file query17.pdb (PDB, C-alpha atoms and all ligand atoms)
ATOM      1  CA  VAL A 227     -41.924   0.677 -14.507
ATOM      2  CA  ASP A 228     -44.462  -1.842 -13.167
ATOM      3  CA  LYS A 229     -43.386  -2.741  -9.618
ATOM      4  CA  ASN A 230     -45.472  -5.945  -9.722
ATOM      5  CA  SER A 231     -43.949  -7.195 -12.920
ATOM      6  CA  GLN A 232     -42.410 -10.637 -12.746
ATOM      7  CA  ARG A 233     -39.655  -9.401 -15.038
ATOM      8  CA  LEU A 234     -36.405  -8.509 -13.305
ATOM      9  CA  THR A 235     -35.613  -4.842 -13.938
ATOM     10  CA  ILE A 236     -31.984  -3.721 -14.058
ATOM     11  CA  ALA A 237     -31.077  -0.010 -14.147
ATOM     12  CA  ILE A 238     -27.941   0.888 -16.089
ATOM     13  CA  GLN A 239     -26.415   4.169 -17.263
ATOM     14  CA  LYS A 240     -27.956   5.226 -20.562
ATOM     15  CA  SER A 241     -24.943   6.907 -22.043
ATOM     16  CA  GLY A 242     -21.640   7.528 -20.377
ATOM     17  CA  ARG A 243     -18.549   5.826 -19.094
ATOM     18  CA  LEU A 244     -20.338   2.816 -17.587
ATOM     19  CA  SER A 245     -22.862   2.101 -20.373
ATOM     20  CA  LYS A 246     -20.838  -0.042 -22.736
ATOM     21  CA  GLU A 247     -19.282  -2.210 -20.061
ATOM     22  CA  SER A 248     -22.573  -2.634 -18.200
ATOM     23  CA  ILE A 249     -24.292  -3.953 -21.316
ATOM     24  CA  ALA A 250     -21.261  -6.028 -22.292
ATOM     25  CA  LEU A 251     -21.229  -7.695 -18.868
ATOM     26  CA  LEU A 252     -24.919  -8.587 -19.001
ATOM     27  CA  GLN A 253     -24.518  -9.897 -22.544
ATOM     28  CA  ALA A 254     -21.503 -11.961 -21.487
ATOM     29  CA  CYS A 255     -23.770 -13.429 -18.788
ATOM     30  CA  GLY A 256     -26.092 -14.678 -21.519
ATOM     31  CA  PHE A 257     -28.814 -12.016 -21.666
ATOM     32  CA  LYS A 258     -29.800 -10.916 -25.155
ATOM     33  CA  PHE A 259     -30.964  -7.327 -25.591
ATOM     34  CA  SER A 260     -31.845  -5.275 -28.606
ATOM     35  CA  LEU A 261     -31.140  -1.674 -27.698
ATOM     36  CA  HIS A 262     -32.839   1.212 -29.444
ATOM     37  CA  GLU A 263     -30.999   4.447 -28.805
ATOM     38  CA  ALA A 264     -34.094   6.454 -27.966
ATOM     39  CA  ARG A 265     -35.784   3.930 -25.677
ATOM     40  CA  LEU A 266     -35.694   4.004 -21.917
ATOM     41  CA  LEU A 267     -36.631   0.338 -21.582
ATOM     42  CA  ALA A 268     -34.993  -2.617 -23.345
ATOM     43  CA  HIS A 269     -36.461  -6.116 -23.053
ATOM     44  CA  SER A 270     -34.330  -9.203 -23.079
ATOM     45  CA  SER A 271     -35.438 -11.605 -25.810
ATOM     46  CA  ASN A 272     -34.277 -14.735 -23.993
ATOM     47  CA  GLN A 273     -34.929 -14.009 -20.279
ATOM     48  CA  PRO A 274     -37.665 -12.236 -18.261
ATOM     49  CA  VAL A 275     -35.332  -9.274 -17.772
ATOM     50  CA  ASP A 276     -35.716  -5.602 -18.664
ATOM     51  CA  LEU A 277     -33.067  -2.901 -18.738
ATOM     52  CA  LEU A 278     -33.983   0.605 -17.631
ATOM     53  CA  ARG A 279     -31.527   3.108 -19.100
ATOM     54  CA  VAL A 280     -31.189   6.285 -17.049
ATOM     55  CA  ARG A 281     -28.677   8.858 -15.783
ATOM     56  CA  ASP A 282     -26.242   7.262 -13.364
ATOM     57  CA  ASP A 283     -27.268   9.686 -10.593
ATOM     58  CA  ASP A 284     -30.792   8.233 -10.627
ATOM     59  CA  ILE A 285     -29.728   4.598 -10.255
ATOM     60  CA  PRO A 286     -29.129   4.379  -6.469
ATOM     61  CA  GLY A 287     -32.461   6.024  -5.617
ATOM     62  CA  LEU A 288     -34.393   3.787  -8.015
ATOM     63  CA  VAL A 289     -32.861   0.727  -6.319
ATOM     64  CA  MET A 290     -33.281   2.104  -2.760
ATOM     65  CA  ASP A 291     -36.943   2.839  -3.465
ATOM     66  CA  GLY A 292     -37.452  -0.607  -5.007
ATOM     67  CA  VAL A 293     -38.587   0.862  -8.324
ATOM     68  CA  VAL A 294     -36.042  -1.403 -10.009
ATOM     69  CA  ASP A 295     -34.586  -4.672  -8.719
ATOM     70  CA  LEU A 296     -30.919  -4.275  -9.594
ATOM     71  CA  GLY A 297     -28.617  -1.462 -10.637
ATOM     72  CA  LEU A 298     -25.101  -1.092 -12.008
ATOM     73  CA  VAL A 299     -23.535   2.109 -10.747
ATOM     74  CA  GLY A 300     -20.259   3.642  -9.590
ATOM     75  CA  GLU A 301     -19.623   3.356  -5.874
ATOM     76  CA  ASN A 302     -18.918   7.110  -5.847
ATOM     77  CA  VAL A 303     -22.462   7.868  -6.988
ATOM     78  CA  LEU A 304     -23.915   5.181  -4.709
ATOM     79  CA  GLU A 305     -22.179   6.614  -1.636
ATOM     80  CA  GLU A 306     -22.979  10.248  -2.502
ATOM     81  CA  VAL A 307     -26.671   9.453  -2.970
ATOM     82  CA  ARG A 308     -26.700   7.314   0.192
ATOM     83  CA  LEU A 309     -25.291  10.182   2.280
ATOM     84  CA  GLU A 310     -27.671  12.674   0.692
ATOM     85  CA  ARG A 311     -30.724  10.485   1.277
ATOM     86  CA  GLN A 312     -29.619   9.707   4.827
ATOM     87  CA  ALA A 313     -29.407  13.441   5.527
ATOM     88  CA  THR A 314     -32.873  14.030   4.094
ATOM     89  CA  GLN A 315     -34.477  10.976   5.756
ATOM     90  CA  LEU A 316     -35.185   9.075   2.544
ATOM     91  CA  ALA A 317     -34.763   5.312   2.209
ATOM     92  CA  CYS A 318     -31.055   4.692   1.695
ATOM     93  CA  LYS A 319     -30.532   0.939   2.103
ATOM     94  CA  VAL A 320     -29.322  -1.330  -0.703
ATOM     95  CA  GLN A 321     -27.767  -4.761  -0.955
ATOM     96  CA  ARG A 322     -24.332  -4.740  -2.548
ATOM     97  CA  LEU A 323     -24.089  -7.885  -4.618
ATOM     98  CA  ARG A 324     -20.785  -7.592  -6.448
ATOM     99  CA  ALA A 325     -17.893  -5.216  -7.055
ATOM    100  CA  LEU A 326     -17.438  -5.059 -10.837
ATOM    101  CA  ASP A 327     -14.159  -4.869 -12.719
ATOM    102  CA  PHE A 328     -14.760  -1.569 -14.513
ATOM    103  CA  GLY A 329     -15.375   2.124 -13.792
ATOM    104  CA  GLN A 330     -12.311   2.435 -11.572
ATOM    105  CA  CYS A 331     -11.564   5.984 -10.461
ATOM    106  CA  ARG A 332     -10.923   8.027  -7.345
ATOM    107  CA  LEU A 333     -12.499  11.146  -5.899
ATOM    108  CA  SER A 334      -9.683  13.527  -5.057
ATOM    109  CA  ILE A 335      -9.014  17.018  -3.831
ATOM    110  CA  ALA A 336      -6.687  18.993  -6.084
ATOM    111  CA  VAL A 337      -5.223  22.493  -5.823
ATOM    112  CA  PRO A 338      -3.562  24.828  -8.344
ATOM    113  CA  LYS A 339       0.066  23.787  -8.811
ATOM    114  CA  GLU A 340       1.383  27.182  -7.757
ATOM    115  CA  GLU A 341      -0.325  26.893  -4.350
ATOM    116  CA  ALA A 342       1.711  25.590  -1.430
ATOM    117  CA  TYR A 343      -0.092  22.704   0.266
ATOM    118  CA  GLY A 344       0.884  21.462   3.707
ATOM    119  CA  GLY A 345      -2.120  19.261   4.448
ATOM    120  CA  ILE A 346      -5.877  19.134   4.677
ATOM    121  CA  GLN A 347      -5.980  21.831   7.398
ATOM    122  CA  ASP A 348      -4.787  24.311   4.743
ATOM    123  CA  LEU A 349      -8.256  24.047   3.218
ATOM    124  CA  ASP A 350      -9.945  25.376   6.365
ATOM    125  CA  GLY A 351     -12.215  28.229   5.376
ATOM    126  CA  LYS A 352     -11.469  27.741   1.662
ATOM    127  CA  ARG A 353     -13.901  27.189  -1.196
ATOM    128  CA  ILE A 354     -13.828  23.758  -2.810
ATOM    129  CA  ALA A 355     -15.720  23.174  -6.068
ATOM    130  CA  THR A 356     -17.345  19.754  -6.399
ATOM    131  CA  THR A 357     -20.313  17.792  -7.630
ATOM    132  CA  TYR A 358     -19.887  15.449  -4.616
ATOM    133  CA  PRO A 359     -20.803  17.710  -1.668
ATOM    134  CA  TYR A 360     -21.764  14.915   0.738
ATOM    135  CA  LEU A 361     -18.660  12.770   0.244
ATOM    136  CA  LEU A 362     -16.495  15.867   0.497
ATOM    137  CA  GLN A 363     -18.231  17.203   3.591
ATOM    138  CA  ASN A 364     -17.993  13.796   5.242
ATOM    139  CA  TYR A 365     -14.246  13.658   4.640
ATOM    140  CA  LEU A 366     -13.607  17.209   5.845
ATOM    141  CA  GLN A 367     -15.793  16.855   8.920
ATOM    142  CA  GLN A 368     -13.941  13.710  10.044
ATOM    143  CA  ARG A 369     -10.744  15.776   9.921
ATOM    144  CA  GLY A 370     -12.138  18.845  11.643
ATOM    145  CA  VAL A 371     -11.895  21.031   8.543
ATOM    146  CA  SER A 372     -14.704  23.439   7.780
ATOM    147  CA  ALA A 373     -14.475  24.356   4.133
ATOM    148  CA  ASN A 374     -17.057  26.091   2.069
ATOM    149  CA  ASN A 375     -18.336  23.571  -0.449
ATOM    150  CA  ALA A 376     -18.854  25.435  -3.686
ATOM    151  CA  ILE A 377     -21.226  23.083  -5.455
ATOM    152  CA  LEU A 378     -20.831  23.374  -9.195
ATOM    153  CA  THR A 379     -22.704  21.123 -11.563
ATOM    154  CA  GLY A 380     -20.214  21.076 -14.396
ATOM    155  CA  SER A 381     -16.634  21.955 -15.380
ATOM    156  CA  VAL A 382     -15.396  21.742 -11.815
ATOM    157  CA  GLU A 383     -11.800  21.616 -13.048
ATOM    158  CA  VAL A 384     -11.866  25.173 -14.377
ATOM    159  CA  ALA A 385     -13.263  26.654 -11.144
ATOM    160  CA  PRO A 386      -9.930  27.687  -9.579
ATOM    161  CA  ARG A 387      -8.705  29.391 -12.746
ATOM    162  CA  ALA A 388     -12.050  31.152 -13.099
ATOM    163  CA  GLY A 389     -11.673  32.436  -9.553
ATOM    164  CA  LEU A 390     -14.709  30.482  -8.361
ATOM    165  CA  ALA A 391     -12.895  28.241  -5.898
ATOM    166  CA  ASP A 392      -9.527  27.626  -4.184
ATOM    167  CA  ALA A 393      -9.530  23.876  -4.749
ATOM    168  CA  ILE A 394     -11.592  21.180  -6.418
ATOM    169  CA  CYS A 395     -12.855  17.740  -5.486
ATOM    170  CA  ASP A 396     -13.466  15.644  -8.603
ATOM    171  CA  LEU A 397     -13.113  12.178 -10.104
ATOM    172  CA  VAL A 398      -9.702  11.262 -11.450
ATOM    173  CA  SER A 399      -8.624   8.289 -13.511
ATOM    174  CA  THR A 400      -5.478   9.031 -15.528
ATOM    175  CA  GLY A 401      -4.881  12.488 -14.037
ATOM    176  CA  ALA A 402      -4.721  14.089 -17.506
ATOM    177  CA  THR A 403      -7.629  16.454 -16.814
ATOM    178  CA  LEU A 404      -6.021  17.784 -13.627
ATOM    179  CA  GLU A 405      -2.701  18.200 -15.410
ATOM    180  CA  ALA A 406      -4.316  20.045 -18.321
ATOM    181  CA  ASN A 407      -5.885  22.478 -15.860
ATOM    182  CA  GLY A 408      -2.748  23.140 -13.820
ATOM    183  CA  LEU A 409      -4.052  21.235 -10.792
ATOM    184  CA  VAL A 410      -2.230  18.793  -8.517
ATOM    185  CA  GLU A 411      -3.915  15.901  -6.700
ATOM    186  CA  LYS A 412      -3.433  16.217  -2.936
ATOM    187  CA  GLU A 413      -5.953  14.001  -1.148
ATOM    188  CA  VAL A 414      -7.704  10.854  -2.347
ATOM    189  CA  ILE A 415     -10.992  10.907  -0.485
ATOM    190  CA  PHE A 416     -12.769   7.909  -2.043
ATOM    191  CA  ARG A 417     -11.777   4.995  -4.297
ATOM    192  CA  SER A 418     -14.454   3.701  -6.605
ATOM    193  CA  GLN A 419     -15.436   1.068  -9.120
ATOM    194  CA  ALA A 420     -18.762  -0.062 -10.551
ATOM    195  CA  GLN A 421     -21.026  -2.088  -8.263
ATOM    196  CA  LEU A 422     -24.003  -4.368  -8.776
ATOM    197  CA  ILE A 423     -26.655  -3.439  -6.219
ATOM    198  CA  GLN A 424     -30.063  -4.866  -5.323
ATOM    199  CA  ARG A 425     -33.116  -3.305  -3.745
ATOM    200  CA  PRO A 426     -33.410  -3.882   0.015
ATOM    201  CA  GLU A 427     -36.647  -5.920   0.144
ATOM    202  CA  PRO A 428     -36.562  -9.589  -0.901
ATOM    203  CA  LEU A 429     -37.297 -10.423  -4.523
ATOM    204  CA  SER A 430     -40.066 -12.745  -5.673
ATOM    205  CA  ALA A 431     -38.947 -16.365  -6.074
ATOM    206  CA  ALA A 432     -38.951 -16.013  -9.862
ATOM    207  CA  LYS A 433     -36.732 -12.922  -9.790
ATOM    208  CA  GLN A 434     -34.457 -14.387  -7.133
ATOM    209  CA  ALA A 435     -33.911 -17.415  -9.359
ATOM    210  CA  ILE A 436     -32.626 -15.150 -12.135
ATOM    211  CA  VAL A 437     -30.278 -13.359  -9.737
ATOM    212  CA  ASP A 438     -29.031 -16.711  -8.405
ATOM    213  CA  GLN A 439     -28.165 -17.638 -11.968
ATOM    214  CA  LEU A 440     -26.648 -14.240 -12.784
ATOM    215  CA  LEU A 441     -24.172 -13.942  -9.894
ATOM    216  CA  PRO A 442     -22.055 -17.047 -10.640
ATOM    217  CA  ARG A 443     -21.995 -15.995 -14.287
ATOM    218  CA  ILE A 444     -20.665 -12.555 -13.339
ATOM    219  CA  ASP A 445     -18.018 -14.227 -11.186
ATOM    220  CA  GLY A 446     -17.079 -16.481 -14.094
ATOM    221  CA  VAL A 447     -16.876 -13.623 -16.608
ATOM    222  CA  GLN A 448     -14.797 -11.491 -14.251
ATOM    223  CA  MET A 449     -12.509 -14.360 -13.283
ATOM    224  CA  ALA A 450     -11.872 -15.178 -16.953
ATOM    225  CA  ARG A 451     -10.700 -11.647 -17.710
ATOM    226  CA  GLU A 452      -8.626 -11.094 -14.576
TER     227      GLU A 452
HETATM  228  O1  LIG B   1     -25.248  11.496 -17.856
HETATM  229  P1  LIG B   1     -24.879  10.811 -16.604
HETATM  230  O2  LIG B   1     -25.240  11.564 -15.350
HETATM  231  O3  LIG B   1     -25.371   9.387 -16.591
HETATM  232  O4  LIG B   1     -23.278  10.661 -16.649
HETATM  233  P2  LIG B   1     -22.124  11.457 -15.888
HETATM  234  O5  LIG B   1     -21.590  12.477 -16.806
HETATM  235  O6  LIG B   1     -22.536  11.846 -14.516
HETATM  236  O7  LIG B   1     -21.060  10.291 -15.637
HETATM  237  P3  LIG B   1     -19.870   9.720 -16.534
HETATM  238  O8  LIG B   1     -20.404   8.927 -17.669
HETATM  239  O9  LIG B   1     -18.831  10.755 -16.811
HETATM  240  O10 LIG B   1     -19.226   8.743 -15.436
HETATM  241  C1  LIG B   1     -19.953   7.679 -14.927
HETATM  242  C2  LIG B   1     -19.120   6.990 -13.849
HETATM  243  O11 LIG B   1     -17.891   6.511 -14.410
HETATM  244  C3  LIG B   1     -18.656   7.857 -12.693
HETATM  245  O12 LIG B   1     -19.653   8.107 -11.722
HETATM  246  C4  LIG B   1     -17.520   7.018 -12.133
HETATM  247  O13 LIG B   1     -18.035   5.991 -11.302
HETATM  248  C5  LIG B   1     -16.928   6.369 -13.385
HETATM  249  N1  LIG B   1     -15.666   7.014 -13.833
HETATM  250  C6  LIG B   1     -14.479   6.356 -13.992
HETATM  251  C7  LIG B   1     -15.444   8.305 -14.166
HETATM  252  C8  LIG B   1     -14.103   8.436 -14.524
HETATM  253  N2  LIG B   1     -13.537   7.214 -14.410
HETATM  254  C9  LIG B   1     -13.584   9.735 -14.935
HETATM  255  N3  LIG B   1     -12.399   9.838 -15.236
HETATM  256  N4  LIG B   1     -16.272   9.375 -14.222
HETATM  257  C10 LIG B   1     -15.790  10.563 -14.623
HETATM  258  N5  LIG B   1     -14.496  10.792 -14.982
HETATM  259  C11 LIG B   1     -14.159  12.179 -15.430
HETATM  260  C12 LIG B   1     -13.828  13.128 -14.292
HETATM  261  O14 LIG B   1     -15.004  13.715 -13.768
HETATM  262  C13 LIG B   1     -12.929  14.162 -14.974
HETATM  263  O15 LIG B   1     -13.704  15.108 -15.683
HETATM  264  O16 LIG B   1     -13.024  12.174 -16.260
HETATM  265  C14 LIG B   1     -12.197  13.304 -15.977
HETATM  266  C15 LIG B   1     -10.911  12.855 -15.360
HETATM  267  O17 LIG B   1     -10.333  11.800 -16.095
HETATM  268  P4  LIG B   1      -8.745  11.729 -16.256
HETATM  269  O18 LIG B   1      -8.500  10.425 -16.959
HETATM  270  O19 LIG B   1      -8.311  12.914 -17.067
HETATM  271  O20 LIG B   1      -8.138  11.725 -14.858
HETATM  272 ZN    ZN B   2     -24.211  11.590 -13.592
END
call {"tool": "encode", "arguments": {"input": "query17.pdb", "output": "structure tokens"}}
result
Amino acid sequence: VDKNSQRLTIAIQKSGRLSKESIALLQACGFKFSLHEARLLAHSSNQPVDLLRVRDDDIPGLVMDGVVDLGLVGENVLEEVRLERQATQLACKVQRLRALDFGQCRLSIAVPKEEAYGGIQDLDGKRIATTYPYLLQNYLQQRGVSANNAILTGSVEVAPRAGLADAICDLVSTGATLEANGLVEKEVIFRSQAQLIQRPEPLSAAKQAIVDQLLPRIDGVQMARE
């Protein structure tokens, strides 16, 4: 990515739960893209705009570092990366431009259904499997609970049954995954939806003009489908 380019660069998730709706929103705002499955970069044919398609976890850092101008990412990932970068003294500022009407979910703590649960203090000294260690730690610390974050990178929901953890902290939307794994949701620690974010430093006048045109269009598209 050329930082001096006059083309506005927008990072979106390459493939996953936010990809389709991210592209659909930008298309509804009038940007034309031809996407080639294998390519990282997609140029708009009718605007000086490029899409950078990456893993969602990389989007906040790319925006915070000013490598890209805008990003579409879940607030859960944004907040986790912000806390992580804050703790490691990396740049962690972004401008939040809009909350978007997709990607809704919550980050929750769940325990096996056969376990009695009287409140968060019951997790003191327990192992909790998660891929969101900073959000979890933040929540526990504020409540004076010192749990042992068991950081797993995948299949968090099977951790209790596999004897790897006492509880989990994972994203939930319908609750079907918890149910299928014999887990019950006990604490909602973070509510999330997709967000449009912008790098902290001001944009060039040319790029700012595109953003000024984009935002009312997003509002219009979202209002129309409310
Ligand atoms: O490859 P990459 O790193 O880009 O993708 P990823 O696998 O990390 O993310 P992906 O595509 O699964 O999710 C992207 C974003 O979508 C998340 O960061 C959230 O902001 C949002 N989102 C919304 C969700 C869900 N809903 C969701 N239900 N992300 C994940 N899930 C998973 C959850 O982890 C659990 O495994 O779905 C399962 C639970 O769903 P229910 O319906 O059974 O409750
Ligand atoms: Zn991810």
call {"tool": "resolve_selection", "arguments": {"input": "query17.pdb", "expression": "the PyMOL selection byres (((chain A and resi 425) around 8) and not hetatm)", "output": "list in words"}}
result
Val289, Met290, Asp291, Gly292, Val294, Asp295, Leu296, Lys319, Val320, Gln321, Ile423, Gln424, Pro426, Glu427 and Pro428 of chain A
call {"tool": "resolve_selection", "arguments": {"input": "query17.pdb", "expression": "the PyMOL selection byres (((chain A and resi 325) around 8) and not hetatm)", "output": "list of chain:residue names"}}
result
A:Arg322, A:Leu323, A:Arg324, A:Leu326, A:Asp327, A:Gln419, A:Ala420, A:Gln421, A:Leu422
call {"tool": "residues_around", "arguments": {"input": "query17.pdb", "residues": "A:Phe416", "least_positions_apart": "5", "cutoff": "12 Å", "atoms": "all atoms listed in the file", "output": "MDAnalysis selection string"}}
result
chainID A and resid 300:306 330:335 358 360:362 364:365 395:398
call {"tool": "atom_distance", "arguments": {"input": "query17.pdb", "atom1": "atom CA of A:Val337", "atom2": "atom CA of A:Leu409"}}
result
5.3 Å
call {"tool": "residues_near_ligand", "arguments": {"input": "query17.pdb", "ligand": "ligand ZN 2 (chain B)", "cutoff": "12 Å", "atoms": "all atoms listed in the file", "output": "PyMOL selection string"}}
result
chain A and resi 238-245+280-286+299-300+302-304+306-307+357-358+379-380+397
call {"tool": "closest_residue", "arguments": {"input": "query17.pdb", "among": "A:Glu247, A:Glu340, A:Asp350, A:Glu383", "to": "ligand LIG 1 (chain B)", "atoms": "all atoms listed in the file"}}
result
A:Glu383
call {"tool": "axis_aligned_box", "arguments": {"input": "query17.pdb", "around": "stretch 403-416 of chain A", "padding_each_side": "5 Å", "output": "JSON"}}
result
{"center_x": -7.5, "center_y": 15.5, "center_z": -9.4, "size_x": 20.5, "size_y": 25.2, "size_z": 27.8}
call {"tool": "closest_residue", "arguments": {"input": "query17.pdb", "among": "A:Glu341, A:Ser270, A:His262, A:Leu288", "to": "A:Leu316", "atoms": "only C-alpha atoms"}}
result
A:Leu288
call {"tool": "closest_residue", "arguments": {"input": "query17.pdb", "among": "A:Leu366, A:Ala268, A:Leu252, A:Leu441", "to": "A:Val414", "atoms": "all atoms listed in the file"}}
result
A:Leu366
call {"tool": "atom_distance", "arguments": {"input": "query17.pdb", "atom1": "atom CA of A:Ser399", "atom2": "atom O3 of ligand LIG 1 (chain B)"}}
result
17.1 Å
call {"tool": "resolve_selection", "arguments": {"input": "query17.pdb", "expression": "the PyMOL selection byres (((chain A and resi 393) around 8) and not hetatm)", "output": "NGL selection string"}}
result
:A and (335-338 or 352-355 or 385-386 or 391-392 or 394-395)
call {"tool": "write_last_selection", "arguments": {"input": "query17.pdb", "atoms": "C-alpha atoms", "output": "mmCIF file, in the coordinates of the input"}}
result
data_model
loop_
_atom_site.group_PDB
_atom_site.id
_atom_site.type_symbol
_atom_site.label_atom_id
_atom_site.label_comp_id
_atom_site.auth_asym_id
_atom_site.auth_seq_id
_atom_site.Cartn_x
_atom_site.Cartn_y
_atom_site.Cartn_z
ATOM 1 C CA ILE A 335 -9.014 17.018 -3.831
ATOM 2 C CA ALA A 336 -6.687 18.993 -6.084
ATOM 3 C CA VAL A 337 -5.223 22.493 -5.823
ATOM 4 C CA PRO A 338 -3.562 24.828 -8.344
ATOM 5 C CA LYS A 352 -11.469 27.741 1.662
ATOM 6 C CA ARG A 353 -13.901 27.189 -1.196
ATOM 7 C CA ILE A 354 -13.828 23.758 -2.810
ATOM 8 C CA ALA A 355 -15.720 23.174 -6.068
ATOM 9 C CA ALA A 385 -13.263 26.654 -11.144
ATOM 10 C CA PRO A 386 -9.930 27.687 -9.579
ATOM 11 C CA ALA A 391 -12.895 28.241 -5.898
ATOM 12 C CA ASP A 392 -9.527 27.626 -4.184
ATOM 13 C CA ILE A 394 -11.592 21.180 -6.418
ATOM 14 C CA CYS A 395 -12.855 17.740 -5.486
#
call {"tool": "atom_distance", "arguments": {"input": "query17.pdb", "atom1": "atom C1 of ligand LIG 1 (chain B)", "atom2": "atom CA of A:Gly329"}}
result
7.3 Å
call {"tool": "closest_residue", "arguments": {"input": "query17.pdb", "among": "A:Leu267, A:Ala250, A:Leu234, A:Leu349", "to": "A:Gly370", "atoms": "all atoms listed in the file"}}
result
A:Leu349
call {"tool": "closest_residue", "arguments": {"input": "query17.pdb", "among": "A:Gly408, A:Ser372, A:Gln232, A:Lys339", "to": "A:Val384", "atoms": "only C-alpha atoms"}}
result
A:Gly408
call {"tool": "closest_residue", "arguments": {"input": "query17.pdb", "among": "A:Val410, A:Cys255, A:Ala402, A:Cys318", "to": "A:Gln439", "atoms": "all atoms listed in the file"}}
result
A:Cys255
call {"tool": "residues_around", "arguments": {"input": "query17.pdb", "residues": "A:Arg443", "least_positions_apart": "3", "cutoff": "12 Å", "atoms": "only C-alpha atoms", "output": "PDB file with C-alpha atoms, keeping the file's coordinate frame"}}
result
ATOM      1  CA  LEU A 251     -21.229  -7.695 -18.868  1.00  0.00           C
ATOM      2  CA  LEU A 252     -24.919  -8.587 -19.001  1.00  0.00           C
ATOM      3  CA  GLN A 253     -24.518  -9.897 -22.544  1.00  0.00           C
ATOM      4  CA  ALA A 254     -21.503 -11.961 -21.487  1.00  0.00           C
ATOM      5  CA  CYS A 255     -23.770 -13.429 -18.788  1.00  0.00           C
ATOM      6  CA  GLY A 256     -26.092 -14.678 -21.519  1.00  0.00           C
ATOM      7  CA  PHE A 257     -28.814 -12.016 -21.666  1.00  0.00           C
ATOM      8  CA  ARG A 324     -20.785  -7.592  -6.448  1.00  0.00           C
ATOM      9  CA  ILE A 436     -32.626 -15.150 -12.135  1.00  0.00           C
ATOM     10  CA  VAL A 437     -30.278 -13.359  -9.737  1.00  0.00           C
ATOM     11  CA  ASP A 438     -29.031 -16.711  -8.405  1.00  0.00           C
ATOM     12  CA  GLN A 439     -28.165 -17.638 -11.968  1.00  0.00           C
ATOM     13  CA  LEU A 440     -26.648 -14.240 -12.784  1.00  0.00           C
ATOM     14  CA  GLY A 446     -17.079 -16.481 -14.094  1.00  0.00           C
ATOM     15  CA  VAL A 447     -16.876 -13.623 -16.608  1.00  0.00           C
ATOM     16  CA  GLN A 448     -14.797 -11.491 -14.251  1.00  0.00           C
ATOM     17  CA  MET A 449     -12.509 -14.360 -13.283  1.00  0.00           C
ATOM     18  CA  ALA A 450     -11.872 -15.178 -16.953  1.00  0.00           C
TER      19      ALA A 450
END
call {"tool": "decode", "arguments": {"input": "query17.pdb", "residues": "stretch 229-240 of chain A", "atoms": "N, CA and C atoms", "output": "PDB file, in the first residue's frame"}}
result
ATOM      1  N   LYS A 229       1.379   4.830   0.918  1.00  0.00           N
ATOM      2  CA  LYS A 229       0.816   5.792   1.871  1.00  0.00           C
ATOM      3  C   LYS A 229       0.582   7.168   1.243  1.00  0.00           C
ATOM      4  N   ASN A 230       1.315   7.494   0.171  1.00  0.00           N
ATOM      5  CA  ASN A 230       1.179   8.818  -0.441  1.00  0.00           C
ATOM      6  C   ASN A 230       0.177   8.844  -1.584  1.00  0.00           C
ATOM      7  N   SER A 231      -0.418   7.698  -1.816  1.00  0.00           N
ATOM      8  CA  SER A 231      -1.398   7.630  -2.901  1.00  0.00           C
ATOM      9  C   SER A 231      -2.539   8.594  -2.657  1.00  0.00           C
ATOM     10  N   GLN A 232      -3.061   9.161  -3.708  1.00  0.00           N
ATOM     11  CA  GLN A 232      -4.228  10.034  -3.574  1.00  0.00           C
ATOM     12  C   GLN A 232      -5.521   9.224  -3.617  1.00  0.00           C
ATOM     13  N   ARG A 233      -5.373   7.900  -3.749  1.00  0.00           N
ATOM     14  CA  ARG A 233      -6.571   7.059  -3.739  1.00  0.00           C
ATOM     15  C   ARG A 233      -6.903   6.685  -2.296  1.00  0.00           C
ATOM     16  N   LEU A 234      -8.161   6.798  -1.953  1.00  0.00           N
ATOM     17  CA  LEU A 234      -8.619   6.453  -0.608  1.00  0.00           C
ATOM     18  C   LEU A 234      -8.585   4.932  -0.456  1.00  0.00           C
ATOM     19  N   THR A 235      -7.901   4.445   0.570  1.00  0.00           N
ATOM     20  CA  THR A 235      -7.813   2.997   0.766  1.00  0.00           C
ATOM     21  C   THR A 235      -8.702   2.565   1.934  1.00  0.00           C
ATOM     22  N   ILE A 236      -9.546   1.576   1.656  1.00  0.00           N
ATOM     23  CA  ILE A 236     -10.492   1.084   2.663  1.00  0.00           C
ATOM     24  C   ILE A 236     -10.199  -0.392   2.930  1.00  0.00           C
ATOM     25  N   ALA A 237      -9.891  -0.736   4.191  1.00  0.00           N
ATOM     26  CA  ALA A 237      -9.647  -2.136   4.541  1.00  0.00           C
ATOM     27  C   ALA A 237     -10.961  -2.806   4.919  1.00  0.00           C
ATOM     28  N   ILE A 238     -11.208  -3.959   4.313  1.00  0.00           N
ATOM     29  CA  ILE A 238     -12.395  -4.752   4.673  1.00  0.00           C
ATOM     30  C   ILE A 238     -11.965  -6.206   4.883  1.00  0.00           C
ATOM     31  N   GLN A 239     -12.830  -6.982   5.529  1.00  0.00           N
ATOM     32  CA  GLN A 239     -12.516  -8.397   5.757  1.00  0.00           C
ATOM     33  C   GLN A 239     -12.554  -9.152   4.430  1.00  0.00           C
ATOM     34  N   LYS A 240     -11.523  -9.941   4.185  1.00  0.00           N
ATOM     35  CA  LYS A 240     -11.428 -10.649   2.907  1.00  0.00           C
ATOM     36  C   LYS A 240     -12.501 -11.722   2.768  1.00  0.00           C
TER      37      LYS A 240
END
